[in-house]
$ cat protein36.csv   # CSV, C-alpha atoms
chain,number,residue,atom,x,y,z
S,14,MET,CA,13.9,-77.5,94.5
S,15,GLU,CA,12.2,-80.2,92.6
S,16,THR,CA,13.1,-80.4,89.0
S,17,SER,CA,11.0,-83.3,87.6
S,18,PRO,CA,9.6,-82.6,84.1
S,19,GLN,CA,6.2,-83.4,85.6
S,20,THR,CA,6.5,-80.6,88.2
S,21,ILE,CA,6.1,-76.8,87.8
S,22,SER,CA,8.3,-74.6,89.9
S,23,ARG,CA,8.7,-70.9,89.9
S,24,GLN,CA,10.7,-68.5,92.0
S,25,ILE,CA,9.9,-64.8,92.1
S,26,MET,CA,11.2,-61.8,94.0
S,27,LEU,CA,8.5,-59.6,95.4
S,28,LYS,CA,9.2,-56.1,96.6
S,29,ALA,CA,6.8,-56.4,99.5
S,30,SER,CA,7.1,-57.5,103.1
S,31,LEU,CA,6.8,-61.1,104.2
S,32,GLU,CA,3.6,-60.1,106.1
S,33,LYS,CA,2.0,-58.6,103.0
S,34,VAL,CA,2.9,-61.6,100.8
S,35,TRP,CA,1.7,-64.0,103.4
S,36,THR,CA,-1.6,-62.2,103.6
S,37,ALA,CA,-2.0,-62.2,99.8
S,38,ILE,CA,-1.3,-65.9,99.5
S,39,ALA,CA,-2.6,-67.6,102.6
S,40,THR,CA,-5.7,-65.7,103.6
S,41,PRO,CA,-9.0,-66.0,101.8
S,42,GLU,CA,-9.3,-62.3,101.2
S,43,GLY,CA,-5.8,-62.1,99.8
S,44,PHE,CA,-6.0,-65.2,97.7
S,45,GLU,CA,-9.3,-64.1,96.1
S,46,GLY,CA,-7.5,-61.0,94.7
S,47,TRP,CA,-5.0,-62.6,92.5
S,48,PHE,CA,-6.7,-66.0,91.9
S,49,THR,CA,-9.8,-64.1,90.8
S,50,CYS,CA,-12.2,-66.4,92.6
S,51,LYS,CA,-14.4,-66.3,95.6
S,52,VAL,CA,-13.4,-68.5,98.5
S,53,ILE,CA,-16.3,-70.4,100.2
S,54,GLY,CA,-15.6,-72.4,103.3
S,55,THR,CA,-13.4,-72.4,106.4
S,56,TRP,CA,-9.8,-71.5,105.5
S,57,GLU,CA,-8.0,-73.8,107.9
S,58,LEU,CA,-5.5,-76.6,107.9
S,59,ASN,CA,-7.0,-79.9,106.6
S,60,LYS,CA,-10.2,-78.2,105.5
S,61,ASP,CA,-11.8,-78.4,102.1
S,62,VAL,CA,-12.6,-75.0,100.5
S,63,ILE,CA,-14.5,-74.1,97.3
S,64,LEU,CA,-13.1,-71.6,94.8
S,65,LEU,CA,-15.9,-70.1,92.9
S,66,TRP,CA,-14.9,-68.5,89.6
S,67,PRO,CA,-16.8,-65.5,88.0
S,68,SER,CA,-18.0,-67.9,85.3
S,69,GLY,CA,-20.0,-69.8,88.0
S,70,ASN,CA,-17.7,-72.9,87.8
S,71,SER,CA,-15.8,-74.0,90.8
S,72,ASN,CA,-12.8,-76.0,92.1
S,73,GLU,CA,-12.5,-77.6,95.5
S,74,ILE,CA,-9.1,-77.5,97.3
S,75,ARG,CA,-7.8,-79.0,100.5
S,76,ILE,CA,-5.4,-76.9,102.6
S,77,VAL,CA,-2.6,-79.1,103.6
S,78,ALA,CA,0.0,-76.7,105.1
S,79,LEU,CA,-0.6,-73.3,106.8
S,80,ASN,CA,2.6,-72.3,108.6
S,81,PRO,CA,2.3,-68.5,109.2
S,82,GLN,CA,4.7,-66.5,107.0
S,83,SER,CA,6.6,-69.5,105.9
S,84,GLU,CA,4.6,-72.2,104.0
S,85,PHE,CA,1.2,-72.6,102.5
S,86,ALA,CA,0.1,-75.6,100.5
S,87,TYR,CA,-3.1,-77.0,99.0
S,88,GLN,CA,-4.2,-79.9,96.9
S,89,TRP,CA,-6.5,-80.0,93.9
S,90,HIS,CA,-7.3,-81.5,90.6
S,91,PRO,CA,-5.6,-79.0,88.3
S,92,GLY,CA,-7.0,-77.7,85.0
S,93,GLY,CA,-10.7,-77.6,84.4
S,94,TYR,CA,-13.2,-77.6,87.2
S,95,ALA,CA,-13.2,-80.4,89.7
S,96,LYS,CA,-14.1,-81.4,93.2
S,97,LEU,CA,-11.6,-83.3,95.3
S,98,GLY,CA,-13.6,-86.6,94.9
S,99,ASP,CA,-14.1,-86.3,91.1
S,100,PHE,CA,-10.9,-88.2,90.2
S,101,PRO,CA,-8.7,-90.7,92.0
S,102,GLU,CA,-6.7,-89.3,94.9
S,103,GLU,CA,-3.3,-90.1,93.3
S,104,GLN,CA,-4.2,-87.6,90.6
S,105,LEU,CA,-4.3,-84.7,93.0
S,106,THR,CA,-1.4,-82.3,92.7
S,107,THR,CA,0.0,-80.3,95.6
S,108,VAL,CA,0.7,-76.6,95.2
S,109,THR,CA,3.2,-75.4,97.7
S,110,PHE,CA,4.3,-71.8,98.4
S,111,ARG,CA,7.4,-71.1,100.5
S,112,LEU,CA,8.3,-67.6,101.6
S,113,HIS,CA,11.7,-66.3,102.5
S,114,SER,CA,12.4,-62.8,103.7
S,115,THR,CA,15.2,-61.0,101.9
S,116,GLY,CA,16.7,-57.6,102.8
S,117,ASP,CA,14.3,-55.6,100.5
S,118,GLY,CA,11.4,-57.9,100.0
S,119,THR,CA,10.2,-61.5,99.9
S,120,ASN,CA,11.4,-64.4,97.8
S,121,LEU,CA,8.4,-66.6,96.8
S,122,GLU,CA,8.9,-70.2,95.7
S,123,MET,CA,6.0,-72.0,94.2
S,124,VAL,CA,5.9,-75.7,93.3
S,125,GLU,CA,3.1,-77.7,91.8
S,126,GLY,CA,3.4,-81.4,91.3
S,127,ASP,CA,3.3,-84.2,90.5
S,128,PHE,CA,1.4,-84.2,87.2
S,129,ALA,CA,2.6,-87.6,86.3
S,130,ASP,CA,-0.5,-89.5,87.3
S,131,ILE,CA,-3.0,-87.4,85.3
S,132,PRO,CA,-4.2,-89.6,82.5
S,133,GLU,CA,-3.8,-88.5,78.9
S,134,GLU,CA,-7.5,-88.0,78.2
S,135,ARG,CA,-7.9,-85.6,81.1
S,136,ARG,CA,-4.8,-83.6,79.8
S,137,LEU,CA,-6.5,-83.4,76.4
S,138,LYS,CA,-9.7,-82.1,78.0
S,139,VAL,CA,-7.8,-79.5,80.0
S,140,MET,CA,-6.2,-78.4,76.7
S,141,GLY,CA,-9.6,-78.0,75.1
S,142,LEU,CA,-9.2,-81.0,72.8
S,143,ASN,CA,-12.4,-82.6,73.8
S,144,THR,CA,-14.3,-82.3,70.6
S,145,ALA,CA,-15.8,-85.7,69.7
S,146,GLY,CA,-13.5,-87.7,67.6
S,147,TRP,CA,-10.3,-85.8,68.5
S,148,GLU,CA,-9.4,-88.1,71.3
S,149,GLU,CA,-9.3,-91.1,69.0
S,150,GLU,CA,-7.4,-89.2,66.4
S,151,LEU,CA,-4.9,-88.0,68.9
S,152,GLU,CA,-4.6,-91.4,70.3
S,153,ASN,CA,-3.7,-92.7,66.9
S,154,ILE,CA,-1.0,-90.0,66.6
S,155,ARG,CA,0.3,-90.8,70.1
S,156,LYS,CA,0.6,-94.5,69.2
S,157,TYR,CA,2.5,-93.5,66.0
S,158,VAL,CA,4.9,-91.1,67.6
S,159,GLU,CA,5.6,-93.3,70.6
S,160,ALA,CA,6.1,-96.4,68.5
G,12,MET,CA,10.3,-74.3,69.5
G,13,SER,CA,6.7,-73.7,68.5
G,14,GLU,CA,4.1,-72.0,70.7
G,15,LEU,CA,1.1,-73.9,72.0
G,16,TRP,CA,-1.4,-71.6,70.2
G,17,GLN,CA,0.3,-72.5,66.9
G,18,VAL,CA,-0.3,-76.1,67.7
G,19,PHE,CA,-3.9,-75.5,68.4
G,20,ILE,CA,-4.4,-73.4,65.3
G,21,ALA,CA,-2.6,-76.0,63.2
G,22,LEU,CA,-4.8,-78.8,64.5
G,23,GLY,CA,-8.0,-76.8,64.6
G,24,ASP,CA,-8.5,-77.1,60.8
G,25,PRO,CA,-10.2,-80.3,59.6
G,26,ASN,CA,-8.0,-80.5,56.5
G,27,ARG,CA,-4.8,-80.3,58.5
G,28,LEU,CA,-6.1,-82.7,61.1
G,29,ALA,CA,-6.9,-85.1,58.2
G,30,MET,CA,-3.3,-84.7,56.9
G,31,VAL,CA,-1.8,-85.3,60.4
G,32,GLN,CA,-4.0,-88.4,60.7
G,33,ARG,CA,-2.9,-89.7,57.3
G,34,LEU,CA,0.8,-89.2,58.3
G,35,ALA,CA,0.1,-90.9,61.6
G,36,LYS,CA,-1.3,-94.0,59.9
G,37,GLY,CA,0.7,-94.1,56.7
G,38,GLY,CA,4.1,-92.7,57.9
G,39,PRO,CA,6.1,-90.1,55.9
G,40,LEU,CA,4.5,-89.2,52.6
G,41,SER,CA,5.4,-87.0,49.7
G,42,MET,CA,3.6,-83.7,49.5
G,43,VAL,CA,1.7,-84.9,46.5
G,44,ARG,CA,0.6,-88.2,48.1
G,45,LEU,CA,-0.4,-86.4,51.3
G,46,SER,CA,-2.7,-84.0,49.4
G,47,GLU,CA,-4.2,-86.8,47.2
G,48,GLY,CA,-7.9,-87.2,47.4
G,49,MET,CA,-8.2,-84.2,49.7
G,50,ASN,CA,-10.7,-81.5,49.0
G,51,PHE,CA,-8.2,-78.7,48.2
G,52,THR,CA,-5.8,-77.5,45.5
G,53,ARG,CA,-2.1,-78.4,45.6
G,54,GLN,CA,-1.3,-74.8,46.5
G,55,ALA,CA,-3.7,-74.9,49.5
G,56,GLY,CA,-2.1,-78.2,50.4
G,57,ALA,CA,1.4,-76.6,50.5
G,58,LYS,CA,0.0,-73.9,52.7
G,59,HIS,CA,-1.5,-76.3,55.1
G,60,ILE,CA,1.8,-78.2,55.3
G,61,ALA,CA,3.6,-74.9,55.9
G,62,VAL,CA,1.3,-74.2,58.9
G,63,LEU,CA,1.9,-77.7,60.3
G,64,ARG,CA,5.6,-77.1,59.9
G,65,GLU,CA,5.5,-73.7,61.6
G,66,ALA,CA,3.8,-75.4,64.6
G,67,GLY,CA,6.6,-77.9,64.7
G,68,LEU,CA,4.2,-80.8,64.0
G,69,VAL,CA,5.9,-82.0,60.8
G,70,HIS,CA,9.2,-81.6,59.1
G,71,LEU,CA,10.1,-81.7,55.4
G,72,THR,CA,13.0,-83.6,53.7
G,73,LYS,CA,14.0,-83.7,50.1
G,74,SER,CA,14.0,-87.0,48.2
G,75,GLY,CA,15.1,-86.4,44.7
G,76,ARG,CA,12.6,-83.9,43.3
G,77,GLU,CA,10.0,-84.7,45.9
G,78,GLN,CA,9.4,-83.1,49.3
G,79,ILE,CA,8.7,-85.7,52.0
G,80,VAL,CA,6.5,-84.8,55.0
G,81,SER,CA,6.8,-86.6,58.3
G,82,LEU,CA,5.4,-86.1,61.7
G,83,ASP,CA,7.8,-84.5,64.1
G,84,ARG,CA,8.0,-86.9,67.1
G,85,LYS,CA,9.9,-84.5,69.2
G,86,ASN,CA,7.4,-81.7,69.1
G,87,PHE,CA,4.3,-83.8,69.0
G,88,HIS,CA,4.3,-84.5,72.7
G,89,LEU,CA,0.9,-84.1,74.3
G,90,ALA,CA,2.2,-84.3,77.9
G,91,GLY,CA,4.6,-81.4,77.1
G,92,MET,CA,1.7,-79.4,75.7
G,93,PHE,CA,-0.3,-79.9,78.9
G,94,MET,CA,2.6,-78.9,81.1
G,95,ARG,CA,3.2,-75.7,79.1
G,96,GLN,CA,-0.4,-74.8,79.5
G,97,MET,CA,-0.3,-75.4,83.3
G,98,GLU,CA,2.9,-73.3,83.4
G,99,ALA,CA,1.3,-70.4,81.5
G,100,GLU,CA,-1.5,-70.4,84.0
G,101,TRP,CA,0.9,-70.1,86.9
G,102,ASP,CA,2.9,-67.4,85.2
G,103,ASP,CA,-0.3,-65.3,84.7
G,104,ARG,CA,-1.4,-65.8,88.4
G,105,LEU,CA,2.0,-65.0,89.7
G,106,ALA,CA,2.2,-61.9,87.6
G,107,SER,CA,-1.1,-60.7,89.1
G,108,LEU,CA,0.1,-61.5,92.6
G,109,LYS,CA,3.3,-59.5,92.0
G,110,MET,CA,1.2,-56.5,90.8
G,111,ILE,CA,-1.0,-56.6,93.8
G,112,VAL,CA,1.6,-57.0,96.5
G,113,GLU,CA,4.0,-54.5,95.0
G,114,GLU,CA,1.3,-51.9,94.5
G,115,ASP,CA,2.2,-48.8,96.5
G,116,PRO,CA,-0.8,-47.8,98.7
G,117,THR,CA,0.4,-44.2,98.8
G,118,LYS,CA,0.0,-43.8,95.0
G,119,HIS,CA,-3.3,-43.9,93.2

$ encode --input "protein36.csv" --output "structure tokens"
Amino acid sequence: METSPQTISRQIMLKASLEKVWTAIATPEGFEGWFTCKVIGTWELNKDVILLWPSGNSNEIRIVALNPQSEFAYQWHPGGYAKLGDFPEEQLTTVTFRLHSTGDGTNLEMVEGDFADIPEERRLKVMGLNTAGWEEELENIRKYVEA
Amino acid sequence: MSELWQVFIALGDPNRLAMVQRLAKGGPLSMVRLSEGMNFTRQAGAKHIAVLREAGLVHLTKSGREQIVSLDRKNFHLAGMFMRQMEAEWDDRLASLKMIVEEDPTKH
């Protein structure tokens, strides 16, 4: 498992069969349920899909791995609402889910990374710190604390 | 370790933001100097500093009879705040997923 500080990883045990977990994660109907969005587009490997949130905002994701009952992965610009082309490619993060069957359920491993290339001003926006003037103030603080 | 919401509340007040700015530009300052020229009473100033301290943004040290306020470099880390927010979003999503897949269809 990756352990970079710029990576998020989680591992959870689910008391549900591999088939059920796979359906929930890697099919549009299942994904919609826990991601609380509507999926628009063709859910296939290397396809771009729109996630439409109840608020009317959307994110665009690219499916980059779809290995039945084993691995599902997509890429996006995390935090906020963005299409794939809205920011440079190197700022995309990859979200990977790996499933492992255990005796009484499914072990789900989730990794999102790498966040290292996301510039500070976008991080601030994602955190809601986009009020006019704040960025400059926080930049001053950053300069001071990193001096 | 302070929580993200505490950081936001602490920075969401113009007086406290002004204090943080002053500390960022002028370095560690006594409580009195930090509140100088600000539009609030000394008591209110002490309260603001307490909120900033709770959020882990500043720490206090004693110098003679004065309290010195300085920015806490360790906790004032924006990249860390961002990562904590992203992590919280995943924890919420994965909790929903767990609820959905572990739901027993025979029970209603």

$ atom_distance --input "protein36.csv" --atom1 "CA of Thr119 in chain S" --atom2 "CA of Gln88 in chain S"
23.6 Å

$ interface_residues --input "protein36.csv" --of "chain G" --to "chain S" --cutoff "6 Å" --atoms "all atoms listed in the file" --output "list in words"
Ala35, Arg84, Phe93, Ser107, Leu108 and Glu113 of chain G

$ residues_near_point --input "protein36.csv" --point "(-2.8, -88.8, 89.0)" --cutoff "9 Å" --atoms "only C-alpha atoms" --output "list in words"
His90, Phe100, Pro101, Glu102, Glu103, Gln104, Leu105, Thr106, Asp127, Phe128, Ala129, Asp130, Ile131 and Pro132 of chain S

$ atom_distance --input "protein36.csv" --atom1 "CA of Gly38 in chain G" --atom2 "CA of Ser81 in chain G"
6.7 Å

$ atom_distance --input "protein36.csv" --atom1 "CA of Leu63 in chain G" --atom2 "CA of Gly37 in chain G"
16.8 Å

$ residues_around --input "protein36.csv" --residues "Ser68 in chain S" --least-positions-apart "4" --cutoff "12 Å" --atoms "all atoms listed in the file" --output "NGL selection string"
:S and (49-51 or 64 or 72 or 94)

$ write_last_selection --input "protein36.csv" --atoms "C-alpha atoms" --output "mmCIF file, in the coordinates of the input"
data_model
loop_
_atom_site.group_PDB
_atom_site.id
_atom_site.type_symbol
_atom_site.label_atom_id
_atom_site.label_comp_id
_atom_site.auth_asym_id
_atom_site.auth_seq_id
_atom_site.Cartn_x
_atom_site.Cartn_y
_atom_site.Cartn_z
ATOM 1 C CA THR S 49 -9.800 -64.100 90.800
ATOM 2 C CA CYS S 50 -12.200 -66.400 92.600
ATOM 3 C CA LYS S 51 -14.400 -66.300 95.600
ATOM 4 C CA LEU S 64 -13.100 -71.600 94.800
ATOM 5 C CA ASN S 72 -12.800 -76.000 92.100
ATOM 6 C CA TYR S 94 -13.200 -77.600 87.200
#

$ residues_around --input "protein36.csv" --residues "Leu58 in chain S" --least-positions-apart "5" --cutoff "12 Å" --atoms "only C-alpha atoms" --output "list of chain:residue names"
S:Ala39, S:Thr40, S:Ile74, S:Arg75, S:Ile76, S:Val77, S:Ala78, S:Leu79, S:Asn80, S:Pro81, S:Glu84, S:Phe85, S:Ala86, S:Tyr87, S:Gln88

$ residues_around --input "protein36.csv" --residues "Ile20 in chain G" --least-positions-apart "6" --cutoff "10 Å" --atoms "only C-alpha atoms" --output "PyMOL selection string"
chain G and resi 27+62-63+66

$ residues_near_point --input "protein36.csv" --point "(-1.9, -79.2, 66.3)" --cutoff "8 Å" --atoms "all atoms listed in the file" --output "VMD selection string"
chain G and resid 17 to 23 28 63 66 68

$ closest_residue --input "protein36.csv" --among "S:Lys96, S:Glu42, S:Leu112, S:Leu31" --to "Asp61 in chain S" --atoms "all atoms listed in the file"
S:Lys96

$ axis_aligned_box --input "protein36.csv" --around "range 34-53 of chain S" --padding-each-side "4 Å" --output "lines of an AutoDock Vina configuration file"
center_x = -6.7
center_y = -65.7
center_z = 97.2
size_x = 27.2
size_y = 17.4
size_z = 20.8
